[in-house]
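For reference, start.txt (compact mmCIF, C-alpha atoms and all ligand atoms):
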```txt
# COMPACT_ATOMS: atom_id res chain seq x y z
CA MET R 612 34.31 147.93 33.13
CA SER R 613 36.24 150.60 34.99
CA GLU R 614 37.40 148.55 38.00
CA LYS R 615 41.04 147.50 38.00
CA ILE R 616 40.19 144.10 39.43
CA VAL R 617 37.19 141.98 38.61
CA ARG R 618 37.13 138.87 40.76
CA ARG R 619 36.07 135.50 39.61
CA ALA R 620 32.62 134.70 40.91
CA ASP R 621 31.94 131.68 43.07
CA ALA R 622 30.05 130.03 40.28
CA ALA R 623 32.33 128.06 37.98
CA TYR R 624 33.88 130.20 35.26
CA GLY R 625 31.96 133.33 36.03
CA TRP R 626 33.18 136.78 37.02
CA GLU R 627 31.71 139.39 39.35
CA ASP R 628 29.34 141.74 37.51
CA VAL R 629 29.96 140.01 34.19
CA GLU R 630 26.69 139.00 32.62
CA ARG R 631 26.26 135.57 31.07
CA LEU R 632 24.83 136.34 27.63
CA ALA R 633 23.32 134.38 24.80
CA TYR R 634 25.98 133.28 22.32
CA LYS R 635 24.31 135.20 19.51
CA GLU R 636 21.08 137.10 19.15
CA ALA R 637 19.83 134.77 16.41
CA GLY R 638 20.92 131.71 14.52
CA GLY R 639 18.53 128.98 15.57
CA ALA R 640 19.86 125.49 15.01
CA ALA R 641 23.29 126.71 13.84
CA PHE R 642 24.58 126.52 17.43
CA ARG R 643 23.64 124.79 20.67
CA ASP R 644 24.19 125.18 24.44
CA ILE R 645 26.69 128.02 24.45
CA THR R 646 27.03 131.21 26.51
CA ARG R 647 29.14 134.35 26.10
CA GLN R 648 30.71 136.65 28.71
CA ILE R 649 32.52 139.85 27.73
CA LEU R 650 35.58 140.15 29.99
CA PHE R 651 37.26 143.19 28.41
CA ASP R 652 35.23 145.36 26.08
CA ASP R 653 38.11 147.82 25.46
CA ALA R 654 41.29 145.75 25.55
CA PRO R 655 44.56 147.11 24.10
CA GLY R 656 44.76 147.19 20.31
CA ALA R 657 41.02 147.95 20.10
CA SER R 658 40.12 144.39 20.88
CA GLN R 659 37.60 142.49 22.94
CA TRP R 660 38.10 139.45 25.16
CA ARG R 661 35.18 137.09 25.47
CA TYR R 662 34.75 133.85 27.37
CA PHE R 663 32.53 131.29 25.69
CA GLU R 664 31.36 128.15 27.35
CA ILE R 665 29.80 125.28 25.45
CA ALA R 666 27.89 122.74 27.54
CA PRO R 667 28.61 119.02 26.99
CA GLY R 668 27.51 118.02 23.50
CA GLY R 669 26.94 121.61 22.37
CA HIS R 670 28.65 123.57 19.61
CA SER R 671 29.26 127.01 18.18
CA SER R 672 28.11 127.93 14.68
CA LEU R 673 30.07 126.90 11.63
CA GLU R 674 31.13 130.26 10.21
CA ARG R 675 33.85 132.33 8.60
CA HIS R 676 34.75 136.03 8.50
CA GLU R 677 37.60 138.44 7.77
CA HIS R 678 38.66 138.95 11.38
CA VAL R 679 41.02 136.58 13.19
CA HIS R 680 40.30 134.69 16.42
CA ALA R 681 42.96 134.04 19.06
CA VAL R 682 41.57 131.35 21.37
CA MET R 683 42.81 129.80 24.62
CA VAL R 684 40.96 126.84 26.08
CA LEU R 685 40.37 127.37 29.81
CA ARG R 686 38.02 124.58 30.72
CA GLY R 687 37.11 121.10 29.62
CA ARG R 688 37.58 119.24 26.37
CA GLY R 689 36.34 119.26 22.83
CA ARG R 690 37.27 119.61 19.21
CA CYS R 691 37.49 122.37 16.67
CA LEU R 692 37.20 122.46 12.92
CA VAL R 693 39.56 125.04 11.41
CA GLY R 694 39.89 125.13 7.64
CA ASP R 695 40.33 121.60 6.35
CA ALA R 696 41.19 119.87 9.64
CA VAL R 697 39.63 118.87 12.96
CA HIS R 698 41.70 119.12 16.15
CA THR R 699 41.16 117.85 19.68
CA LEU R 700 41.24 120.52 22.38
CA ALA R 701 42.30 120.45 26.04
CA GLU R 702 42.87 123.09 28.69
CA ARG R 703 45.47 125.74 27.78
CA ASP R 704 45.57 124.79 24.10
CA LEU R 705 45.77 127.79 21.77
CA VAL R 706 43.90 128.09 18.49
CA ARG R 707 44.42 130.70 15.80
CA VAL R 708 41.62 131.03 13.30
CA PRO R 709 42.93 132.82 10.18
CA PRO R 710 40.83 135.22 8.06
CA ARG R 711 38.09 133.75 5.82
CA THR R 712 38.51 130.27 7.32
CA TRP R 713 35.58 128.00 8.21
CA HIS R 714 35.61 127.18 11.94
CA GLN R 715 33.44 125.57 14.57
CA PHE R 716 33.95 124.52 18.21
CA ARG R 717 32.29 121.50 19.77
CA ALA R 718 32.34 120.25 23.38
CA ASP R 719 32.86 116.55 24.03
CA PRO R 720 29.66 114.71 25.03
CA ASP R 721 30.84 114.40 28.66
CA ALA R 722 32.64 117.70 29.25
CA PRO R 723 32.10 121.42 28.74
CA LEU R 724 34.40 123.42 26.51
CA GLY R 725 35.22 126.91 27.82
CA PHE R 726 37.58 129.25 26.00
CA LEU R 727 38.80 132.82 25.82
CA CYS R 728 38.42 134.36 22.38
CA LEU R 729 40.16 137.59 21.42
CA VAL R 730 38.71 139.61 18.52
CA PRO R 731 39.01 143.14 17.11
CA SER R 732 36.36 145.48 18.54
CA GLU R 733 35.47 146.51 14.98
CA ARG R 734 34.85 143.36 12.98
CA ASP R 735 32.85 141.98 10.11
CA ARG R 736 29.80 139.80 10.64
CA PRO R 737 30.18 136.03 10.43
CA GLN R 738 29.02 134.29 7.27
CA LEU R 739 27.27 130.91 7.59
CA PRO R 740 27.61 128.21 4.90
CA ASP R 741 24.73 127.73 2.48
CA SER R 742 23.67 124.16 1.73
CA ASP R 743 26.04 123.85 -1.26
CA GLU R 744 29.02 125.01 0.77
CA ARG R 745 28.05 122.75 3.62
CA ALA R 746 27.84 119.77 1.25
CA ARG R 747 31.24 120.67 -0.21
CA LEU R 748 32.80 120.75 3.28
CA ALA R 749 31.15 117.44 4.22
CA ARG R 750 32.75 115.75 1.20
CA ASN R 751 36.14 116.28 2.84
CA PRO R 752 36.79 112.99 4.71
CA ALA R 753 38.68 114.86 7.43
CA LEU R 754 35.59 116.93 8.26
CA ALA R 755 32.68 114.59 7.50
CA ALA R 756 32.28 112.93 10.90
CA PHE R 757 32.64 116.23 12.78
CA LEU R 758 30.01 117.89 10.61
CA ALA R 759 27.67 114.89 10.75
CA ASP R 760 27.54 115.36 14.57
CA ASP R 761 25.69 118.56 13.91
CA GLY R 762 22.21 117.05 13.94
CA ALA R 763 19.65 119.57 12.78
CA ALA R 764 22.15 122.33 12.11
MN MN R 801 34.03 133.13 14.52
```

Rewrite the structure from the file as C-alpha cells, please.
Ligand code: MN
Amino acid sequence: MSEKIVRRADAAYGWEDVERLAYKEAGGAAFRDITRQILFDDAPGASQWRYFEIAPGGHSSLERHEHVHAVMVLRGRGRCLVGDAVHTLAERDLVRVPPRTWHQFRADPDAPLGFLCLVPSERDRPQLPDSDERARLARNPALAAFLADDGAA
C-alpha cells in the first residue's frame, strides 16, 4: 500500500482497501474459522504485519517453522499453545513464538480472537505435525486438553 494513512473500516477490525483473505490456501481440517488481512506488506526490517481473526471456537493450525512470530492480541479472548505450555490470551497480551517451536492459537467458544502477527517477509514454510509427533505432544499433560479440543484436526 502506498497511502500514508489507511483508515479502519466501519466493519469491526477491518481496514479500508485491505482484503479479508483465507488464512491459508490449503490445509483442510488443520485450521478452522480464521481470516487473514495483510496490513503492511513491506514493513521496516523486511517484515510483514498481518491481522488474523479467529471466530469463536475456531483455531489456527498447529505448526512450527524457523521464523519467529511477534504477536499482539487486539480483540477478544482465547488460548495459545507455545512449546510445552498453554497460555490464556486477552487484549493487548504479547506472544513471542521462538524458532522451531510448536504453536497454535484458539479462540474461546464465546469470543473471537484477533491478533497482529509480525513475520519476516522472507520466511520458511510451516511444518505440520505427523501423527506420531501429534501423539507425542498429546502425551504432555499440559497440552492434552488443548489438543483434544481440535476435533477432526
Ligand atoms: Mn506460525

(Q) Measuring between all atoms listed in the file, which one of R:Ser658, R:Thr712, R:Gln648, R:Ser671 shows the shortest distance to Glu627 of chain R? (A) R:Gln648

Q.
Set the distance at 9 Å and use all atoms listed in the file: which residues neighbour Val697 of chain R once local chain neighbours fewer than 6 positions away are removed? I'd like the list as number ranges by chain.
A. R: 690-691, 753-754, 757

**Q.** Site check for ligand MN 801 (chain R): residues at most 9 Å away, all atoms listed in the file, as a VMD selection string
**A.** chain R and resid 671 to 676 678 to 680 708 712 to 715 730 736 to 738

**Q.** Distance criterion (only C-alpha atoms): nearest to Gly668 of chain R out of R:Phe716, R:Trp626, R:Phe726, R:Phe651
**A.**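 Closest to Gly668 of chain R, using only C-alpha atoms: R:Phe716.
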
Q. Between R:Val684, R:Gln659, R:Gly669, R:Arg703, which has the minimum distance to Arg734 of chain R (counting all atoms listed in the file)?
A. R:Gln659

Q) So what do you get for atom CA of Ala633 of chain R versus atom CA of Asp695 of chain R, distance-wise? A)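 Result for atom CA of Ala633 of chain R versus atom CA of Asp695 of chain R: 28.2 Å, one decimal.
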
Q: Have a look at R:Arg711, R:His698, R:Glu630, R:Trp660 and name the one nearest to Pro740 of chain R; count all atoms listed in the file.
A: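 Of R:Arg711, R:His698, R:Glu630, R:Trp660, the one nearest Pro740 of chain R is R:Arg711, counting all atoms listed in the file.
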
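Taking atom CA of Arg686 of chain R as the reference point, atom CA of Leu632 of chain R is found at 17.9 Å.
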
Q.
as a PyMOL selection string, please: the residues near His670 of chain R (cut-off 7 Å, all atoms listed in the file, same-chain neighbours under 2 positions excluded).
A. chain R and resi 642-645+665+668+672+716-718

(Q) Taking all atoms listed in the file into account, name the residue in R:Gly625, R:Pro731, R:Gly687, R:Pro723 that is nearest to Pro655 of chain R. (A) R:Pro731

Q: Counting all atoms listed in the file, note down every residue that has an atom within 12 Å of the point (29.5, 143.5, 36.1) (file coordinates), as a ChimeraX atom specification.
A: /R:612-614,616-620,625-631,648-652

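The spacing separating atom CA of Met683 of chain R from atom CA of Leu705 of chain R amounts to 4.6 Å.
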
Q. Using all atoms listed in the file, can you list as a PyMOL selection string the residues within 7 Å of (31.6, 117.5, 27.0)?
A. chain R and resi 666-668+688-689+718-724

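Shortest atom-to-atom contact with Arg647 of chain R among R:Glu744, R:Leu739, R:Ala623, R:Leu727: R:Leu727, counting all atoms listed in the file.
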
Q: Can you pull out every residue within 12 Å of Ala755 of chain R, counting all atoms listed in the file, but drop anything in the same chain fewer than 3 positions away, and send it as a list in words?
A: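 Residues meeting the cut-off are Leu692, Asp695, Ala696, Val697, Arg745, Ala746, Arg747, Leu748, Ala749, Arg750, Asn751, Pro752, Leu758, Ala759, Asp760 and Asp761 of chain R.
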
Would you fill the gaps in segment 692-725 of chain R so it has N, CA and C atoms, then print it as a PDB file, in the frame of the given file?
```pdb
ATOM      1  N   LEU R 692      36.953 122.510  14.348  1.00  0.00           N
ATOM      2  CA  LEU R 692      37.200 122.460  12.920  1.00  0.00           C
ATOM      3  C   LEU R 692      37.794 123.823  12.551  1.00  0.00           C
ATOM      4  N   VAL R 693      38.967 123.803  11.918  1.00  0.00           N
ATOM      5  CA  VAL R 693      39.560 125.040  11.410  1.00  0.00           C
ATOM      6  C   VAL R 693      40.073 124.740  10.007  1.00  0.00           C
ATOM      7  N   GLY R 694      39.478 125.371   9.016  1.00  0.00           N
ATOM      8  CA  GLY R 694      39.890 125.130   7.640  1.00  0.00           C
ATOM      9  C   GLY R 694      39.572 123.707   7.227  1.00  0.00           C
ATOM     10  N   ASP R 695      40.588 122.952   6.852  1.00  0.00           N
ATOM     11  CA  ASP R 695      40.330 121.600   6.350  1.00  0.00           C
ATOM     12  C   ASP R 695      40.771 120.523   7.333  1.00  0.00           C
ATOM     13  N   ALA R 696      40.785 120.863   8.638  1.00  0.00           N
ATOM     14  CA  ALA R 696      41.190 119.870   9.640  1.00  0.00           C
ATOM     15  C   ALA R 696      40.361 120.000  10.904  1.00  0.00           C
ATOM     16  N   VAL R 697      40.281 118.893  11.644  1.00  0.00           N
ATOM     17  CA  VAL R 697      39.630 118.870  12.960  1.00  0.00           C
ATOM     18  C   VAL R 697      40.705 118.538  13.989  1.00  0.00           C
ATOM     19  N   HIS R 698      40.693 119.282  15.101  1.00  0.00           N
ATOM     20  CA  HIS R 698      41.700 119.120  16.150  1.00  0.00           C
ATOM     21  C   HIS R 698      41.030 118.842  17.485  1.00  0.00           C
ATOM     22  N   THR R 699      41.649 118.003  18.309  1.00  0.00           N
ATOM     23  CA  THR R 699      41.160 117.850  19.680  1.00  0.00           C
ATOM     24  C   THR R 699      41.664 119.029  20.494  1.00  0.00           C
ATOM     25  N   LEU R 700      40.909 119.376  21.546  1.00  0.00           N
ATOM     26  CA  LEU R 700      41.240 120.520  22.380  1.00  0.00           C
ATOM     27  C   LEU R 700      41.236 120.137  23.854  1.00  0.00           C
ATOM     28  N   ALA R 701      42.233 120.625  24.590  1.00  0.00           N
ATOM     29  CA  ALA R 701      42.300 120.450  26.040  1.00  0.00           C
ATOM     30  C   ALA R 701      42.700 121.777  26.664  1.00  0.00           C
ATOM     31  N   GLU R 702      42.617 121.844  27.984  1.00  0.00           N
ATOM     32  CA  GLU R 702      42.870 123.090  28.690  1.00  0.00           C
ATOM     33  C   GLU R 702      44.258 123.648  28.359  1.00  0.00           C
ATOM     34  N   ARG R 703      44.288 124.934  28.092  1.00  0.00           N
ATOM     35  CA  ARG R 703      45.470 125.740  27.780  1.00  0.00           C
ATOM     36  C   ARG R 703      45.918 125.605  26.322  1.00  0.00           C
ATOM     37  N   ASP R 704      45.260 124.798  25.534  1.00  0.00           N
ATOM     38  CA  ASP R 704      45.570 124.790  24.100  1.00  0.00           C
ATOM     39  C   ASP R 704      45.224 126.148  23.494  1.00  0.00           C
ATOM     40  N   LEU R 705      45.974 126.525  22.490  1.00  0.00           N
ATOM     41  CA  LEU R 705      45.770 127.790  21.770  1.00  0.00           C
ATOM     42  C   LEU R 705      45.333 127.491  20.345  1.00  0.00           C
ATOM     43  N   VAL R 706      44.392 128.258  19.857  1.00  0.00           N
ATOM     44  CA  VAL R 706      43.900 128.090  18.490  1.00  0.00           C
ATOM     45  C   VAL R 706      43.912 129.439  17.796  1.00  0.00           C
ATOM     46  N   ARG R 707      44.512 129.502  16.621  1.00  0.00           N
ATOM     47  CA  ARG R 707      44.420 130.700  15.800  1.00  0.00           C
ATOM     48  C   ARG R 707      43.528 130.387  14.610  1.00  0.00           C
ATOM     49  N   VAL R 708      42.499 131.179  14.447  1.00  0.00           N
ATOM     50  CA  VAL R 708      41.620 131.030  13.300  1.00  0.00           C
ATOM     51  C   VAL R 708      41.950 132.142  12.312  1.00  0.00           C
ATOM     52  N   PRO R 709      42.530 131.796  11.156  1.00  0.00           N
ATOM     53  CA  PRO R 709      42.930 132.820  10.180  1.00  0.00           C
ATOM     54  C   PRO R 709      41.708 133.468   9.507  1.00  0.00           C
ATOM     55  N   PRO R 710      41.931 134.561   8.779  1.00  0.00           N
ATOM     56  CA  PRO R 710      40.830 135.220   8.060  1.00  0.00           C
ATOM     57  C   PRO R 710      40.172 134.277   7.056  1.00  0.00           C
ATOM     58  N   ARG R 711      38.844 134.450   6.860  1.00  0.00           N
ATOM     59  CA  ARG R 711      38.090 133.750   5.820  1.00  0.00           C
ATOM     60  C   ARG R 711      38.205 132.232   5.906  1.00  0.00           C
ATOM     61  N   THR R 712      38.308 131.703   7.113  1.00  0.00           N
ATOM     62  CA  THR R 712      38.510 130.270   7.320  1.00  0.00           C
ATOM     63  C   THR R 712      37.316 129.696   8.079  1.00  0.00           C
ATOM     64  N   TRP R 713      36.706 128.647   7.513  1.00  0.00           N
ATOM     65  CA  TRP R 713      35.580 128.000   8.210  1.00  0.00           C
ATOM     66  C   TRP R 713      36.046 127.474   9.551  1.00  0.00           C
ATOM     67  N   HIS R 714      35.235 127.667  10.602  1.00  0.00           N
ATOM     68  CA  HIS R 714      35.610 127.180  11.940  1.00  0.00           C
ATOM     69  C   HIS R 714      34.364 126.889  12.767  1.00  0.00           C
ATOM     70  N   GLN R 715      34.519 125.949  13.667  1.00  0.00           N
ATOM     71  CA  GLN R 715      33.440 125.570  14.570  1.00  0.00           C
ATOM     72  C   GLN R 715      34.052 124.875  15.785  1.00  0.00           C
ATOM     73  N   PHE R 716      33.486 125.143  16.967  1.00  0.00           N
ATOM     74  CA  PHE R 716      33.950 124.520  18.210  1.00  0.00           C
ATOM     75  C   PHE R 716      32.847 123.623  18.744  1.00  0.00           C
ATOM     76  N   ARG R 717      33.263 122.479  19.281  1.00  0.00           N
ATOM     77  CA  ARG R 717      32.290 121.500  19.770  1.00  0.00           C
ATOM     78  C   ARG R 717      32.803 120.896  21.074  1.00  0.00           C
ATOM     79  N   ALA R 718      31.964 120.886  22.106  1.00  0.00           N
ATOM     80  CA  ALA R 718      32.340 120.250  23.380  1.00  0.00           C
ATOM     81  C   ALA R 718      32.204 118.743  23.255  1.00  0.00           C
ATOM     82  N   ASP R 719      33.044 117.999  23.968  1.00  0.00           N
ATOM     83  CA  ASP R 719      32.860 116.550  24.030  1.00  0.00           C
ATOM     84  C   ASP R 719      31.508 116.246  24.681  1.00  0.00           C
ATOM     85  N   PRO R 720      30.984 115.038  24.476  1.00  0.00           N
ATOM     86  CA  PRO R 720      29.660 114.710  25.030  1.00  0.00           C
ATOM     87  C   PRO R 720      29.638 114.729  26.561  1.00  0.00           C
ATOM     88  N   ASP R 721      30.801 114.535  27.199  1.00  0.00           N
ATOM     89  CA  ASP R 721      30.840 114.400  28.660  1.00  0.00           C
ATOM     90  C   ASP R 721      31.647 115.503  29.335  1.00  0.00           C
ATOM     91  N   ALA R 722      31.869 116.604  28.641  1.00  0.00           N
ATOM     92  CA  ALA R 722      32.640 117.700  29.250  1.00  0.00           C
ATOM     93  C   ALA R 722      32.232 119.026  28.608  1.00  0.00           C
ATOM     94  N   PRO R 723      32.300 120.116  29.375  1.00  0.00           N
ATOM     95  CA  PRO R 723      32.100 121.420  28.740  1.00  0.00           C
ATOM     96  C   PRO R 723      33.352 121.808  27.964  1.00  0.00           C
ATOM     97  N   LEU R 724      33.232 122.834  27.161  1.00  0.00           N
ATOM     98  CA  LEU R 724      34.400 123.420  26.510  1.00  0.00           C
ATOM     99  C   LEU R 724      34.303 124.933  26.699  1.00  0.00           C
ATOM    100  N   GLY R 725      35.212 125.469  27.544  1.00  0.00           N
ATOM    101  CA  GLY R 725      35.220 126.910  27.820  1.00  0.00           C
ATOM    102  C   GLY R 725      36.497 127.524  27.276  1.00  0.00           C
TER     103      GLY R 725
END
```
